[in-house]
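Enquirer: First the structure, which I've put down as structure tokens, then a few questions once you've had a look.
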Amino acid sequence: AAAMQRLKAGDFSVPIRVRESDALSDFVSDFAQMHDGLKAMAAEDRARLTAAVADLESVASSLSDVGPAPEKIRRIAQEIRGVGARYEL
């Protein structure tokens with residue numbers, strides 16, 4: 001139950017243990033595989049978001065004299081950064 005609560009909260013940092021004596025070992029094994037898959041997807045998404053933030057910040061820097069656009073781009077980059085930080089890997 002604790003593992004499901006952690007997963008529900010976006011915490012992928014703790015691996016799921018499967019015990020041989022567990023009557024539901026197939027279910028637990030499937031759950032562990034799902035956990036690992038979600039963790040990998042979240043890591044890939046975080047890497048993509050990090051790259052997008054770097055690109056946005058680069059564009060904002062190159063537009064430093066173009067009115068409010070750079071600040072708006074920086075706010076968007078900060079929002080994207082927050083999305084990537086939501087998950088604990």
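Naming works like this for the structure tokens: A, B, ... for the chains as they're shown, residue 1 at the start of each chain, ligands 1 onward in shown order.
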Give the helix (DSSP H, G or I) residues of chain A, as DSSP finds them on the backbone, and put them as a count of residues only.
Expert: 61
Enquirer: Please report the interatomic distance between atom CA of A:Ile73 and atom CA of A:Leu49 in Å with one decimal.
Expert: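 Distance between the two atoms: 14.2 Å.
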Enquirer: Do you know which residues are at most 10 Å from A:Ala32 counting only C-alpha atoms, after dropping those on the same chain fewer than 5 positions away, and could you put them as a count of residues only?
Expert: 9
Enquirer: Can you tell me, as a PyMOL selection string, what residues are no more than 10 Å from stretch 75-79 of chain A when counting only C-alpha atoms, ignoring any on the same chain fewer than 5 positions away?
Expert: chain A and resi 49-50+52-57+60+69-70+84
Enquirer: For A:Arg81, which residue among A:Met41, A:Ser29, A:Arg48, A:Met4 is the nearest when counting only C-alpha atoms?
Expert: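 Among A:Met41, A:Ser29, A:Arg48, A:Met4, it is A:Arg48 that comes nearest to A:Arg81.
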Enquirer: For A:Glu88, list every protein, DNA or RNA residue within 7 Å, evaluated using only C-alpha atoms, and leave out those in the same chain fewer than 4 positions away; present the list as a ChimeraX atom specification.
Expert: /A:10-13
Enquirer: For each of A:Leu89, A:Gly82, A:Glu20, A:Glu71, take the minimum atom-to-atom distance to A:His35, counting only C-alpha atoms, then give the residue where this is smallest.
Expert: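 Among the listed residues, the smallest separation from A:His35 belongs to A:Leu89.
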Enquirer: What's the separation between atom CA of A:Arg6 and atom CA of A:Ile80, in Å to one decimal place?
Expert: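 Result for atom CA of A:Arg6 versus atom CA of A:Ile80: 22.8 Å, one decimal.
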Enquirer: What does the structure give for the distance between atom CA of A:Lys8 and atom CA of A:Ala42, in Å to one decimal?
Expert: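 Spanning atom CA of A:Lys8 to atom CA of A:Ala42 is a straight-line distance of 13.3 Å.
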